[in-house]
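For reference, the structure discussed in these notes is given below.
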Amino acid sequence: MIMKVTLLFGVAFSIYMCVCRGKDTDNLQDVCPTDTTRKNIFINGYPCKNPADITASDFKSSVLRNEGDTDNFQRSSTTIVTAAEFAGLNTLGLSTARTDLEVDGVVMPHAHPRASEMMFVGKGVVIAGFLDTKSQVFQKTLKEGDVFIVPRGLLHYSLNSGFEFATVYSVLSSHNPGVVSISDAMFAPIVSEPMKKLMTKLTSFSNNVTLFR
């Protein structure tokens with residue numbers, strides 16, 4: 001009987017630990033803006049500022065106000081703002097991003113290992129999609145005001161399928177979501193022939209939406 005209870009406790013504890021590791025650590029105080037001056041401290045996250053030094057400016061960022069540089073092969077730009085750049089995000093389990101896409105611009109397949117992503121189209125028409133672990137593709141055409149969810153850790157992509165500049169804003173469920181770019185890992189350099197073929201295929205998806213759910 002004791003062995004069964006011990007075994008059940010061990011299983012329950014393991015499940016609890018897995019759940020806990022599935023998200024950022026909860027904050028233990030109201031606010032904890034990142035202290036960027038303490039470069040020699042290595043912890044799972046970022047150290048907090050002295051409460052006496054916290055100001056309202058720690059909770060505002062203007063980084064995403066301006067368009068990104070889309071003068072590149074993908075004709076797109078993504079700027080992610082984490083707790084490293086936006087102090088007020090520290091311990092809140094949030095980060096934010098802006099993606100700008102020229103006509104036919106593409107964001108190549110990538111994943112955020114520590115975060116889910118909620119995308120909001122601020123301007124233009126965008127196709128967004130993700131692949132699950134069974135290689136099933138889920139894709140939708142998004143218009144201004146539409147929202148699309150990408151589950152944590154899954155490969156996803158987006159492309160401008162309209163006739164004007166497009167902008168997408170995102171909120172991610174970690175103050176340090178991380179980025180794993182499969183295309184960069186497999187097809188470097190970015191202007192290689194396999195990369196060009198992948199971009200062409202992604203762009204053609206907008207003309208063949210019946211392939212997707």
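Scheme for the structure tokens: letters A, B, ... for chains in order shown; per-chain residue numbers from 1; ligand numbers from 1 in order shown.
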- Query: Tell me, which residues of region 87-202 of chain A carry DSSP strand (DSSP E or B), written as a ChimeraX atom specification?
  - Reply: /A:95-101,106-111,117-123,126-131,137-142,147-150,155-160,166-172,180-181
Using C-alpha atoms, can you export the residues from the last selection as an mmCIF file, in the first residue's frame?
data_model
loop_
_atom_site.group_PDB
_atom_site.id
_atom_site.type_symbol
_atom_site.label_atom_id
_atom_site.label_comp_id
_atom_site.auth_asym_id
_atom_site.auth_seq_id
_atom_site.Cartn_x
_atom_site.Cartn_y
_atom_site.Cartn_z
ATOM 1 C CA SER A 95 6.630 39.747 -25.292
ATOM 2 C CA THR A 96 5.468 41.568 -28.383
ATOM 3 C CA ALA A 97 6.420 41.803 -32.044
ATOM 4 C CA ARG A 98 5.769 43.650 -35.281
ATOM 5 C CA THR A 99 6.008 42.133 -38.757
ATOM 6 C CA ASP A 100 6.007 44.260 -41.900
ATOM 7 C CA LEU A 101 5.498 42.676 -45.322
ATOM 8 C CA VAL A 106 7.205 36.198 -46.775
ATOM 9 C CA VAL A 107 8.114 35.305 -43.195
ATOM 10 C CA MET A 108 9.883 31.966 -43.548
ATOM 11 C CA PRO A 109 8.937 28.951 -41.364
ATOM 12 C CA HIS A 110 10.145 29.319 -37.796
ATOM 13 C CA ALA A 111 9.102 28.400 -34.258
ATOM 14 C CA GLU A 117 1.774 33.532 -30.506
ATOM 15 C CA MET A 118 -1.359 35.594 -31.099
ATOM 16 C CA MET A 119 -1.208 37.548 -34.368
ATOM 17 C CA PHE A 120 -3.333 40.630 -35.087
ATOM 18 C CA VAL A 121 -3.466 42.099 -38.586
ATOM 19 C CA GLY A 122 -3.216 45.869 -38.390
ATOM 20 C CA LYS A 123 -3.077 46.502 -42.123
ATOM 21 C CA VAL A 126 -2.013 38.201 -44.831
ATOM 22 C CA ILE A 127 -1.973 34.421 -45.090
ATOM 23 C CA ALA A 128 -0.766 32.769 -41.887
ATOM 24 C CA GLY A 129 -0.376 29.103 -41.099
ATOM 25 C CA PHE A 130 1.286 26.525 -38.877
ATOM 26 C CA LEU A 131 2.177 22.833 -39.022
ATOM 27 C CA VAL A 137 -1.159 22.394 -42.119
ATOM 28 C CA PHE A 138 -3.625 24.911 -40.678
ATOM 29 C CA GLN A 139 -3.810 28.097 -42.710
ATOM 30 C CA LYS A 140 -6.168 31.076 -42.941
ATOM 31 C CA THR A 141 -6.385 34.299 -44.896
ATOM 32 C CA LEU A 142 -6.450 37.215 -42.458
ATOM 33 C CA VAL A 147 -6.582 37.391 -35.084
ATOM 34 C CA PHE A 148 -4.730 34.080 -35.572
ATOM 35 C CA ILE A 149 -3.256 31.801 -32.901
ATOM 36 C CA VAL A 150 -0.068 29.735 -33.250
ATOM 37 C CA LEU A 155 6.481 25.821 -37.142
ATOM 38 C CA HIS A 156 4.586 28.759 -38.618
ATOM 39 C CA TYR A 157 4.864 31.275 -41.427
ATOM 40 C CA SER A 158 3.056 34.219 -43.008
ATOM 41 C CA LEU A 159 2.972 36.017 -46.335
ATOM 42 C CA ASN A 160 1.396 39.105 -47.834
ATOM 43 C CA ALA A 166 0.824 44.665 -44.633
ATOM 44 C CA THR A 167 1.557 44.928 -40.919
ATOM 45 C CA VAL A 168 0.966 42.269 -38.270
ATOM 46 C CA TYR A 169 1.321 42.768 -34.511
ATOM 47 C CA SER A 170 1.898 39.814 -32.210
ATOM 48 C CA VAL A 171 1.802 38.988 -28.518
ATOM 49 C CA LEU A 172 3.805 35.979 -27.340
ATOM 50 C CA VAL A 180 14.260 28.750 -34.202
ATOM 51 C CA SER A 181 14.464 29.447 -37.931
#
- Message: Give me, as a list in words, all polymer residues having an atom no more than 10 Å from Gly88 (chain A), counting only C-alpha atoms and skipping those fewer than 3 positions away in the same chain.
- Response: Val31, Cys32, Pro33, Thr34, Cys48, Ile54, Thr55, Ala56, Ser57, Asp58, Phe59, Lys60, Ser61, Thr82, Ala83, Ala84, Glu85, Thr91, Leu92, Leu94, Ser95 and His175 of chain A
- Item | Spatial neighbours of Gly178 (chain A), 10 Å, only C-alpha atoms, chain gap at least 6 places, as number ranges by chain | A: 80, 82, 111-115, 153
- Message: With DSSP run on the backbone, what are the helix (DSSP H, G or I) residues within region 8-197 of chain A? I'd like them as number ranges by chain.
- Response: A: 8-21, 51-53, 56-59, 63-65, 87-89, 182-187, 193-197
Prev. selection, C-alpha atoms, output as an mmCIF file, in the first residue's frame:
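Below you can see again.cif, which holds the result:
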data_model
loop_
_atom_site.group_PDB
_atom_site.id
_atom_site.type_symbol
_atom_site.label_atom_id
_atom_site.label_comp_id
_atom_site.auth_asym_id
_atom_site.auth_seq_id
_atom_site.Cartn_x
_atom_site.Cartn_y
_atom_site.Cartn_z
ATOM 1 C CA LEU A 8 1.157 7.756 -7.222
ATOM 2 C CA PHE A 9 2.806 10.682 -5.457
ATOM 3 C CA GLY A 10 5.838 10.375 -7.720
ATOM 4 C CA VAL A 11 3.685 10.375 -10.861
ATOM 5 C CA ALA A 12 1.638 13.347 -9.637
ATOM 6 C CA PHE A 13 4.802 15.273 -8.758
ATOM 7 C CA SER A 14 6.298 14.556 -12.202
ATOM 8 C CA ILE A 15 3.156 15.808 -13.932
ATOM 9 C CA TYR A 16 3.153 18.909 -11.749
ATOM 10 C CA MET A 17 6.777 19.653 -12.594
ATOM 11 C CA CYS A 18 6.095 19.254 -16.321
ATOM 12 C CA VAL A 19 3.188 21.684 -16.103
ATOM 13 C CA CYS A 20 5.274 24.176 -14.155
ATOM 14 C CA ARG A 21 8.078 24.021 -16.687
ATOM 15 C CA PRO A 51 12.116 49.123 -6.506
ATOM 16 C CA ALA A 52 13.286 52.630 -5.708
ATOM 17 C CA ASP A 53 14.520 53.029 -9.297
ATOM 18 C CA ALA A 56 6.556 54.705 -15.469
ATOM 19 C CA SER A 57 8.997 54.668 -18.406
ATOM 20 C CA ASP A 58 9.801 51.027 -17.610
ATOM 21 C CA PHE A 59 6.284 50.120 -18.776
ATOM 22 C CA VAL A 63 10.138 50.179 -30.527
ATOM 23 C CA LEU A 64 7.238 48.891 -32.637
ATOM 24 C CA ARG A 65 6.036 52.326 -33.695
ATOM 25 C CA ALA A 87 12.016 46.239 -18.992
ATOM 26 C CA GLY A 88 8.387 46.150 -17.845
ATOM 27 C CA LEU A 89 7.797 42.764 -19.490
ATOM 28 C CA ILE A 182 14.323 26.166 -39.814
ATOM 29 C CA SER A 183 14.951 27.872 -43.141
ATOM 30 C CA ASP A 184 18.146 29.534 -41.917
ATOM 31 C CA ALA A 185 19.411 26.271 -40.467
ATOM 32 C CA MET A 186 18.715 24.188 -43.570
ATOM 33 C CA PHE A 187 19.182 26.566 -46.436
ATOM 34 C CA GLU A 193 18.482 27.827 -54.589
ATOM 35 C CA PRO A 194 16.581 25.694 -52.025
ATOM 36 C CA MET A 195 15.552 28.875 -50.193
ATOM 37 C CA LYS A 196 14.277 30.443 -53.420
ATOM 38 C CA LYS A 197 12.222 27.328 -54.158
#
- Go through A:Gln29, A:Asn90, A:Gly105, A:Asn50 one by one, measure the shortest atom-to-atom distance of each to Ser76 (chain A) using only C-alpha atoms, and give the residue with the smallest value.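 Looking at the shortest contact to Ser76 (chain A), the residue is A:Gly105.
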- Could you jot down the CA of Val81 (chain A) to CA of Val125 (chain A) separation for me, Å, one decimal place?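 Between these atoms lies a distance of 23.4 Å.
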- What is the distance, in Å and to one decimal place, between CA of Ile41 (chain A) and CA of Gly93 (chain A)?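 So the two atoms, CA of Ile41 (chain A) and CA of Gly93 (chain A), lie 20.2 Å apart.
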